[in-house]
Structures are given as C-alpha cells and as structure tokens.
>>> print(open('data_21.cif').read())   # mmCIF, all heavy atoms
data_structure
loop_
_atom_site.label_atom_id
_atom_site.label_comp_id
_atom_site.auth_asym_id
_atom_site.auth_seq_id
_atom_site.Cartn_x
_atom_site.Cartn_y
_atom_site.Cartn_z
N MET A 1 6.57 38.56 -9.77
CA MET A 1 6.93 37.35 -10.48
C MET A 1 7.32 36.22 -9.51
O MET A 1 6.96 35.08 -9.73
CB MET A 1 8.09 37.68 -11.44
CG MET A 1 8.47 36.54 -12.34
SD MET A 1 7.15 36.29 -13.50
CE MET A 1 7.88 35.09 -14.54
N VAL A 2 8.08 36.56 -8.47
CA VAL A 2 8.51 35.55 -7.51
C VAL A 2 7.33 34.93 -6.77
O VAL A 2 7.28 33.70 -6.63
CB VAL A 2 9.55 36.16 -6.53
CG1 VAL A 2 9.86 35.18 -5.42
CG2 VAL A 2 10.81 36.55 -7.26
N PRO A 3 6.34 35.71 -6.30
CA PRO A 3 5.19 35.06 -5.65
C PRO A 3 4.44 34.11 -6.58
O PRO A 3 3.98 33.05 -6.14
CB PRO A 3 4.30 36.24 -5.24
CG PRO A 3 5.22 37.39 -5.12
CD PRO A 3 6.27 37.16 -6.18
N LEU A 4 4.34 34.45 -7.84
CA LEU A 4 3.67 33.58 -8.80
C LEU A 4 4.43 32.27 -8.94
O LEU A 4 3.83 31.18 -8.95
CB LEU A 4 3.54 34.28 -10.15
CG LEU A 4 2.87 33.47 -11.26
CD1 LEU A 4 1.44 33.14 -10.87
CD2 LEU A 4 2.92 34.22 -12.56
N LEU A 5 5.75 32.33 -9.02
CA LEU A 5 6.56 31.12 -9.11
C LEU A 5 6.46 30.29 -7.83
O LEU A 5 6.41 29.05 -7.91
CB LEU A 5 8.02 31.49 -9.38
CG LEU A 5 8.31 32.03 -10.79
CD1 LEU A 5 9.76 32.45 -10.89
CD2 LEU A 5 7.98 31.00 -11.84
N LEU A 6 6.40 30.94 -6.69
CA LEU A 6 6.25 30.20 -5.44
C LEU A 6 4.90 29.49 -5.36
O LEU A 6 4.82 28.35 -4.90
CB LEU A 6 6.42 31.14 -4.25
CG LEU A 6 7.85 31.64 -4.00
CD1 LEU A 6 7.85 32.67 -2.87
CD2 LEU A 6 8.77 30.49 -3.69
N VAL A 7 3.85 30.15 -5.83
CA VAL A 7 2.53 29.53 -5.84
C VAL A 7 2.51 28.35 -6.80
O VAL A 7 1.97 27.27 -6.49
CB VAL A 7 1.45 30.56 -6.21
CG1 VAL A 7 0.12 29.89 -6.49
CG2 VAL A 7 1.30 31.58 -5.08
N LEU A 8 3.11 28.49 -7.96
CA LEU A 8 3.18 27.37 -8.92
C LEU A 8 4.00 26.22 -8.37
O LEU A 8 3.63 25.05 -8.53
CB LEU A 8 3.75 27.85 -10.25
CG LEU A 8 2.83 28.74 -11.08
CD1 LEU A 8 3.56 29.26 -12.31
CD2 LEU A 8 1.59 27.98 -11.50
N LEU A 9 5.11 26.53 -7.70
CA LEU A 9 5.94 25.50 -7.10
C LEU A 9 5.17 24.77 -6.00
O LEU A 9 5.22 23.54 -5.90
CB LEU A 9 7.22 26.11 -6.55
CG LEU A 9 8.22 25.15 -5.92
CD1 LEU A 9 8.72 24.16 -6.96
CD2 LEU A 9 9.37 25.92 -5.32
N LEU A 10 4.46 25.51 -5.18
CA LEU A 10 3.65 24.90 -4.13
C LEU A 10 2.56 24.00 -4.72
O LEU A 10 2.31 22.90 -4.23
CB LEU A 10 3.03 25.99 -3.26
CG LEU A 10 2.19 25.51 -2.08
CD1 LEU A 10 3.05 24.74 -1.09
CD2 LEU A 10 1.53 26.68 -1.40
N ALA A 11 1.93 24.45 -5.79
CA ALA A 11 0.90 23.64 -6.45
C ALA A 11 1.50 22.35 -7.00
O ALA A 11 0.89 21.28 -6.87
CB ALA A 11 0.25 24.44 -7.56
N LEU A 12 2.68 22.42 -7.58
CA LEU A 12 3.32 21.21 -8.10
C LEU A 12 3.69 20.25 -6.98
O LEU A 12 3.50 19.03 -7.10
CB LEU A 12 4.58 21.58 -8.89
CG LEU A 12 4.34 22.15 -10.29
CD1 LEU A 12 5.66 22.61 -10.90
CD2 LEU A 12 3.69 21.10 -11.17
N ILE A 13 4.18 20.77 -5.87
CA ILE A 13 4.54 19.92 -4.74
C ILE A 13 3.30 19.24 -4.17
O ILE A 13 3.30 18.03 -3.91
CB ILE A 13 5.28 20.73 -3.66
CG1 ILE A 13 6.66 21.13 -4.17
CG2 ILE A 13 5.38 19.95 -2.37
CD1 ILE A 13 7.39 22.10 -3.27
N LEU A 14 2.24 20.00 -4.00
CA LEU A 14 1.01 19.41 -3.45
C LEU A 14 0.40 18.40 -4.41
O LEU A 14 -0.12 17.36 -3.98
CB LEU A 14 0.01 20.51 -3.11
CG LEU A 14 0.40 21.40 -1.93
CD1 LEU A 14 -0.63 22.51 -1.74
CD2 LEU A 14 0.55 20.60 -0.66
N PHE A 15 0.45 18.68 -5.71
CA PHE A 15 -0.07 17.72 -6.69
C PHE A 15 0.75 16.44 -6.66
O PHE A 15 0.20 15.34 -6.66
CB PHE A 15 -0.04 18.33 -8.09
CG PHE A 15 -0.43 17.35 -9.17
CD1 PHE A 15 -1.75 17.00 -9.34
CD2 PHE A 15 0.53 16.78 -9.98
CE1 PHE A 15 -2.12 16.09 -10.32
CE2 PHE A 15 0.18 15.87 -10.96
CZ PHE A 15 -1.15 15.53 -11.13
N GLY A 16 2.07 16.57 -6.59
CA GLY A 16 2.94 15.39 -6.54
C GLY A 16 2.71 14.58 -5.28
O GLY A 16 2.67 13.35 -5.31
N ALA A 17 2.55 15.25 -4.14
CA ALA A 17 2.31 14.55 -2.88
C ALA A 17 0.96 13.85 -2.92
O ALA A 17 0.83 12.71 -2.46
CB ALA A 17 2.38 15.53 -1.72
N GLY A 18 -0.03 14.52 -3.46
CA GLY A 18 -1.35 13.90 -3.56
C GLY A 18 -1.34 12.67 -4.44
O GLY A 18 -1.95 11.64 -4.12
N PHE A 19 -0.62 12.74 -5.56
CA PHE A 19 -0.51 11.59 -6.46
C PHE A 19 0.22 10.44 -5.78
O PHE A 19 -0.21 9.30 -5.84
CB PHE A 19 0.22 12.01 -7.73
CG PHE A 19 0.32 10.92 -8.76
CD1 PHE A 19 -0.79 10.53 -9.48
CD2 PHE A 19 1.53 10.27 -8.97
CE1 PHE A 19 -0.70 9.52 -10.42
CE2 PHE A 19 1.62 9.26 -9.90
CZ PHE A 19 0.50 8.88 -10.63
N ALA A 20 1.32 10.76 -5.07
CA ALA A 20 2.09 9.71 -4.38
C ALA A 20 1.25 9.07 -3.28
O ALA A 20 1.29 7.85 -3.09
CB ALA A 20 3.37 10.31 -3.80
N ILE A 21 0.50 9.86 -2.54
CA ILE A 21 -0.32 9.31 -1.46
C ILE A 21 -1.43 8.43 -2.03
O ILE A 21 -1.73 7.37 -1.48
CB ILE A 21 -0.89 10.46 -0.60
CG1 ILE A 21 0.25 11.09 0.21
CG2 ILE A 21 -1.99 9.97 0.32
CD1 ILE A 21 -0.14 12.34 0.94
N LYS A 22 -2.00 8.82 -3.16
CA LYS A 22 -3.04 7.99 -3.78
C LYS A 22 -2.45 6.65 -4.23
O LYS A 22 -3.07 5.61 -4.02
CB LYS A 22 -3.65 8.73 -4.97
CG LYS A 22 -4.81 8.00 -5.58
CD LYS A 22 -5.52 8.81 -6.62
CE LYS A 22 -6.69 8.02 -7.17
NZ LYS A 22 -7.45 8.78 -8.12
N ILE A 23 -1.26 6.67 -4.80
CA ILE A 23 -0.61 5.42 -5.22
C ILE A 23 -0.32 4.55 -4.00
O ILE A 23 -0.53 3.34 -4.02
CB ILE A 23 0.70 5.73 -5.99
CG1 ILE A 23 0.38 6.39 -7.34
CG2 ILE A 23 1.53 4.49 -6.20
CD1 ILE A 23 -0.41 5.52 -8.29
N LEU A 24 0.13 5.17 -2.90
CA LEU A 24 0.43 4.40 -1.69
C LEU A 24 -0.84 3.76 -1.12
O LEU A 24 -0.78 2.66 -0.58
CB LEU A 24 1.11 5.29 -0.65
CG LEU A 24 2.55 5.68 -0.98
CD1 LEU A 24 3.07 6.64 0.07
CD2 LEU A 24 3.44 4.46 -1.08
N TRP A 25 -1.97 4.44 -1.23
CA TRP A 25 -3.23 3.85 -0.76
C TRP A 25 -3.57 2.60 -1.58
O TRP A 25 -4.03 1.59 -1.05
CB TRP A 25 -4.38 4.85 -0.85
CG TRP A 25 -4.50 5.70 0.37
CD1 TRP A 25 -4.22 7.02 0.47
CD2 TRP A 25 -4.92 5.28 1.67
NE1 TRP A 25 -4.45 7.45 1.75
CE2 TRP A 25 -4.87 6.41 2.52
CE3 TRP A 25 -5.33 4.07 2.21
CZ2 TRP A 25 -5.22 6.36 3.85
CZ3 TRP A 25 -5.68 4.02 3.56
CH2 TRP A 25 -5.63 5.15 4.36
N TRP A 26 -3.36 2.67 -2.91
CA TRP A 26 -3.63 1.50 -3.75
C TRP A 26 -2.68 0.36 -3.42
O TRP A 26 -3.09 -0.80 -3.37
CB TRP A 26 -3.53 1.87 -5.24
CG TRP A 26 -4.75 2.59 -5.72
CD1 TRP A 26 -4.85 3.90 -6.05
CD2 TRP A 26 -6.05 2.03 -5.90
NE1 TRP A 26 -6.14 4.19 -6.42
CE2 TRP A 26 -6.89 3.07 -6.35
CE3 TRP A 26 -6.59 0.76 -5.73
CZ2 TRP A 26 -8.25 2.85 -6.62
CZ3 TRP A 26 -7.94 0.55 -6.01
CH2 TRP A 26 -8.74 1.60 -6.45
N VAL A 27 -1.40 0.67 -3.18
CA VAL A 27 -0.43 -0.37 -2.80
C VAL A 27 -0.84 -1.00 -1.47
O VAL A 27 -0.80 -2.22 -1.32
CB VAL A 27 1.00 0.23 -2.74
CG1 VAL A 27 1.97 -0.74 -2.11
CG2 VAL A 27 1.46 0.63 -4.14
N ALA A 28 -1.24 -0.18 -0.51
CA ALA A 28 -1.67 -0.70 0.79
C ALA A 28 -2.90 -1.59 0.64
O ALA A 28 -3.01 -2.62 1.31
CB ALA A 28 -1.96 0.45 1.74
N LEU A 29 -3.81 -1.23 -0.22
CA LEU A 29 -5.00 -2.04 -0.45
C LEU A 29 -4.64 -3.39 -1.06
O LEU A 29 -5.18 -4.43 -0.64
CB LEU A 29 -5.98 -1.28 -1.37
CG LEU A 29 -7.31 -1.96 -1.64
CD1 LEU A 29 -8.10 -2.10 -0.35
CD2 LEU A 29 -8.10 -1.17 -2.65
N VAL A 30 -3.74 -3.41 -2.02
CA VAL A 30 -3.31 -4.67 -2.63
C VAL A 30 -2.62 -5.56 -1.60
O VAL A 30 -2.89 -6.77 -1.53
CB VAL A 30 -2.37 -4.38 -3.84
CG1 VAL A 30 -1.69 -5.65 -4.32
CG2 VAL A 30 -3.16 -3.74 -4.97
N VAL A 31 -1.76 -4.98 -0.78
CA VAL A 31 -1.08 -5.77 0.26
C VAL A 31 -2.09 -6.34 1.25
O VAL A 31 -1.99 -7.50 1.66
CB VAL A 31 -0.02 -4.90 0.96
CG1 VAL A 31 0.51 -5.58 2.21
CG2 VAL A 31 1.12 -4.58 0.01
N LEU A 32 -3.08 -5.55 1.62
CA LEU A 32 -4.12 -6.03 2.54
C LEU A 32 -4.89 -7.20 1.94
O LEU A 32 -5.15 -8.20 2.61
CB LEU A 32 -5.07 -4.89 2.89
CG LEU A 32 -6.24 -5.26 3.80
CD1 LEU A 32 -5.74 -5.66 5.18
CD2 LEU A 32 -7.22 -4.11 3.90
N VAL A 33 -5.24 -7.12 0.67
CA VAL A 33 -5.97 -8.21 0.01
C VAL A 33 -5.12 -9.47 -0.03
O VAL A 33 -5.61 -10.57 0.27
CB VAL A 33 -6.41 -7.78 -1.41
CG1 VAL A 33 -6.90 -8.96 -2.21
CG2 VAL A 33 -7.49 -6.71 -1.31
N VAL A 34 -3.84 -9.34 -0.37
CA VAL A 34 -2.96 -10.52 -0.41
C VAL A 34 -2.81 -11.11 0.99
O VAL A 34 -2.84 -12.33 1.16
CB VAL A 34 -1.58 -10.12 -1.00
CG1 VAL A 34 -0.56 -11.23 -0.80
CG2 VAL A 34 -1.72 -9.77 -2.47
N TRP A 35 -2.70 -10.27 1.99
CA TRP A 35 -2.56 -10.74 3.37
C TRP A 35 -3.81 -11.50 3.80
O TRP A 35 -3.72 -12.56 4.41
CB TRP A 35 -2.30 -9.54 4.27
CG TRP A 35 -2.07 -9.88 5.70
CD1 TRP A 35 -1.04 -10.59 6.22
CD2 TRP A 35 -2.90 -9.50 6.80
NE1 TRP A 35 -1.18 -10.67 7.59
CE2 TRP A 35 -2.30 -10.02 7.97
CE3 TRP A 35 -4.08 -8.77 6.90
CZ2 TRP A 35 -2.87 -9.83 9.22
CZ3 TRP A 35 -4.63 -8.59 8.16
CH2 TRP A 35 -4.03 -9.11 9.29
N LEU A 36 -5.00 -10.97 3.48
CA LEU A 36 -6.24 -11.64 3.84
C LEU A 36 -6.43 -12.94 3.08
O LEU A 36 -6.91 -13.93 3.63
CB LEU A 36 -7.43 -10.71 3.60
CG LEU A 36 -7.53 -9.53 4.57
CD1 LEU A 36 -8.66 -8.60 4.16
CD2 LEU A 36 -7.73 -10.00 6.00
N LEU A 37 -6.05 -12.96 1.80
CA LEU A 37 -6.14 -14.19 1.02
C LEU A 37 -5.21 -15.26 1.59
O LEU A 37 -5.52 -16.46 1.50
CB LEU A 37 -5.80 -13.93 -0.45
CG LEU A 37 -6.89 -13.25 -1.26
CD1 LEU A 37 -6.39 -12.94 -2.66
CD2 LEU A 37 -8.13 -14.11 -1.32
N GLY A 38 -4.10 -14.85 2.16
CA GLY A 38 -3.18 -15.81 2.76
C GLY A 38 -3.82 -16.59 3.89
O GLY A 38 -3.51 -17.76 4.09
N PHE A 39 -4.70 -15.98 4.64
CA PHE A 39 -5.39 -16.70 5.72
C PHE A 39 -6.40 -17.70 5.16
O PHE A 39 -6.68 -18.72 5.78
CB PHE A 39 -6.10 -15.73 6.65
CG PHE A 39 -5.18 -15.03 7.59
CD1 PHE A 39 -4.91 -13.69 7.44
CD2 PHE A 39 -4.56 -15.72 8.61
CE1 PHE A 39 -4.06 -13.04 8.30
CE2 PHE A 39 -3.71 -15.09 9.49
CZ PHE A 39 -3.45 -13.74 9.33
N LEU A 40 -6.94 -17.43 3.99
CA LEU A 40 -7.95 -18.32 3.41
C LEU A 40 -7.33 -19.52 2.71
O LEU A 40 -7.94 -20.58 2.64
CB LEU A 40 -8.82 -17.54 2.43
CG LEU A 40 -9.65 -16.40 3.04
CD1 LEU A 40 -10.37 -15.66 1.93
CD2 LEU A 40 -10.63 -16.94 4.06
N VAL A 41 -6.13 -19.36 2.16
CA VAL A 41 -5.55 -20.42 1.33
C VAL A 41 -4.34 -21.09 1.97
O VAL A 41 -3.66 -21.84 1.30
CB VAL A 41 -5.16 -19.88 -0.06
CG1 VAL A 41 -6.35 -19.38 -0.82
CG2 VAL A 41 -4.10 -18.80 0.06
N ARG A 42 -4.09 -20.86 3.25
CA ARG A 42 -2.93 -21.49 3.86
C ARG A 42 -3.14 -22.99 3.98
O ARG A 42 -4.24 -23.47 4.23
CB ARG A 42 -2.60 -20.85 5.20
CG ARG A 42 -3.71 -20.86 6.19
CD ARG A 42 -3.33 -20.07 7.39
NE ARG A 42 -4.50 -20.03 8.28
CZ ARG A 42 -4.49 -19.61 9.50
NH1 ARG A 42 -3.38 -19.16 10.01
NH2 ARG A 42 -5.57 -19.63 10.22
N SER A 43 -2.07 -23.73 3.83
CA SER A 43 -2.16 -25.19 3.81
C SER A 43 -2.08 -25.76 5.22
O SER A 43 -1.63 -25.11 6.15
CB SER A 43 -1.04 -25.76 2.95
OG SER A 43 0.21 -25.42 3.52
N THR A 44 -2.47 -27.02 5.36
CA THR A 44 -2.37 -27.69 6.65
C THR A 44 -1.02 -28.37 6.75
O THR A 44 -0.45 -28.80 5.76
CB THR A 44 -3.50 -28.73 6.81
OG1 THR A 44 -3.40 -29.67 5.75
CG2 THR A 44 -4.85 -28.08 6.79
N ASN A 45 -0.53 -28.51 7.97
CA ASN A 45 0.74 -29.21 8.17
C ASN A 45 0.48 -30.67 8.53
O ASN A 45 -0.66 -31.13 8.56
CB ASN A 45 1.60 -28.50 9.23
CG ASN A 45 0.89 -28.38 10.56
OD1 ASN A 45 -0.08 -29.08 10.80
ND2 ASN A 45 1.38 -27.51 11.42
N ALA A 46 1.53 -31.42 8.85
CA ALA A 46 1.40 -32.86 9.09
C ALA A 46 0.53 -33.15 10.32
O ALA A 46 -0.13 -34.18 10.38
CB ALA A 46 2.78 -33.47 9.26
N GLY A 47 0.51 -32.25 11.29
CA GLY A 47 -0.29 -32.48 12.49
C GLY A 47 -1.75 -32.14 12.32
O GLY A 47 -2.54 -32.26 13.25
N GLY A 48 -2.15 -31.70 11.16
CA GLY A 48 -3.54 -31.35 10.90
C GLY A 48 -3.86 -29.90 11.19
O GLY A 48 -4.96 -29.45 10.91
N GLY A 49 -2.92 -29.18 11.76
CA GLY A 49 -3.15 -27.77 12.05
C GLY A 49 -2.87 -26.89 10.85
O GLY A 49 -2.38 -27.36 9.82
N ARG A 50 -3.18 -25.65 11.01
CA ARG A 50 -2.93 -24.70 9.93
C ARG A 50 -1.51 -24.17 10.03
O ARG A 50 -1.07 -23.76 11.10
CB ARG A 50 -3.90 -23.53 10.02
CG ARG A 50 -5.31 -23.90 9.69
CD ARG A 50 -5.48 -23.94 8.22
NE ARG A 50 -6.90 -23.88 7.86
CZ ARG A 50 -7.28 -23.80 6.63
NH1 ARG A 50 -6.42 -23.74 5.67
NH2 ARG A 50 -8.55 -23.79 6.34
N GLY A 51 -0.80 -24.16 8.92
CA GLY A 51 0.56 -23.61 8.89
C GLY A 51 0.55 -22.16 8.46
O GLY A 51 -0.45 -21.64 7.98
N ARG A 52 1.66 -21.52 8.66
CA ARG A 52 1.78 -20.14 8.19
C ARG A 52 2.10 -20.14 6.70
O ARG A 52 2.88 -20.97 6.23
CB ARG A 52 2.89 -19.40 8.95
CG ARG A 52 2.54 -19.18 10.39
CD ARG A 52 3.56 -18.34 11.06
NE ARG A 52 4.87 -18.98 10.93
CZ ARG A 52 5.99 -18.50 11.47
NH1 ARG A 52 5.96 -17.36 12.13
NH2 ARG A 52 7.13 -19.11 11.33
N TRP A 53 1.53 -19.22 5.96
CA TRP A 53 1.80 -19.15 4.52
C TRP A 53 2.96 -18.24 4.21
O TRP A 53 3.41 -18.18 3.09
CB TRP A 53 0.56 -18.69 3.77
CG TRP A 53 0.17 -17.27 4.05
CD1 TRP A 53 -0.53 -16.82 5.11
CD2 TRP A 53 0.48 -16.12 3.27
NE1 TRP A 53 -0.67 -15.48 5.05
CE2 TRP A 53 -0.08 -15.01 3.93
CE3 TRP A 53 1.17 -15.93 2.08
CZ2 TRP A 53 0.04 -13.73 3.44
CZ3 TRP A 53 1.28 -14.64 1.58
CH2 TRP A 53 0.72 -13.56 2.27
N TYR A 54 3.47 -17.57 5.21
CA TYR A 54 4.62 -16.68 5.02
C TYR A 54 5.77 -17.21 5.87
O TYR A 54 5.59 -18.02 6.75
CB TYR A 54 4.26 -15.25 5.38
CG TYR A 54 3.63 -15.12 6.74
CD1 TYR A 54 4.40 -14.98 7.89
CD2 TYR A 54 2.24 -15.12 6.88
CE1 TYR A 54 3.82 -14.88 9.13
CE2 TYR A 54 1.66 -15.02 8.12
CZ TYR A 54 2.46 -14.90 9.24
OH TYR A 54 1.89 -14.80 10.46
N ARG A 55 6.98 -16.72 5.60
CA ARG A 55 8.17 -17.26 6.25
C ARG A 55 8.58 -16.47 7.47
O ARG A 55 9.39 -16.92 8.25
CB ARG A 55 9.33 -17.32 5.26
CG ARG A 55 9.04 -18.25 4.11
CD ARG A 55 10.18 -18.29 3.14
NE ARG A 55 11.43 -18.70 3.74
CZ ARG A 55 11.86 -19.93 3.85
NH1 ARG A 55 11.10 -20.91 3.43
NH2 ARG A 55 13.02 -20.21 4.39
N TRP A 56 8.10 -15.26 7.69
CA TRP A 56 8.56 -14.44 8.81
C TRP A 56 7.58 -14.44 9.94
O TRP A 56 6.49 -14.53 9.96
CB TRP A 56 8.86 -13.01 8.40
CG TRP A 56 8.07 -12.51 7.25
CD1 TRP A 56 8.42 -12.57 5.94
CD2 TRP A 56 6.77 -11.89 7.27
NE1 TRP A 56 7.44 -12.02 5.17
CE2 TRP A 56 6.44 -11.58 5.95
CE3 TRP A 56 5.90 -11.54 8.28
CZ2 TRP A 56 5.26 -10.97 5.61
CZ3 TRP A 56 4.72 -10.94 7.93
CH2 TRP A 56 4.41 -10.66 6.62
#
>>> encode(input="data_21.cif", output="structure tokens")
Amino acid sequence: MVPLLLVLLLALILFGAGFAIKILWWVALVVLVVWLLGFLVRSTNAGGGRGRWYRW
C-alpha cells in the first residue's frame, strides 16, 4: 500500500510541476512580447532621439 501511495504522490508532484512550468513559459512569452513591443512604440524625446519606455 505504501509504494502505491508514494507512486501516486510522485505523479501528483510531477503533474503539478509540469503545469507550473507550462504556465511560467506562457508568462515568459507574454513578457517577451511586451518587451519587444516596447522597442517598437517608444517615443522620441526633445532632442530627437529615442527615449526609454521603461523607468529602470
């Protein structure tokens, strides 16, 4: 009985980790798209150069 419970627990942990990693990949993809769009839509400053669209 104990080995069966350990196998089920391991399966749940691996399923949870796989789900979390998949969500993190989607979050990383969204951040990458926003970051790339920032380079395309950044405004010009008074000197005619390109300014940063972020504050840091």
>>> atom_distance(input="data_21.cif", atom1="CD1 of Phe39 (chain A)", atom2="atom O of Val27 (chain A)")
15.0 Å
>>> atom_distance(input="data_21.cif", atom1="atom C of Lys22 (chain A)", atom2="atom C of Leu40 (chain A)")
27.5 Å
>>> atom_distance(input="data_21.cif", atom1="atom O of Gly16 (chain A)", atom2="CG2 of Val30 (chain A)")
18.1 Å
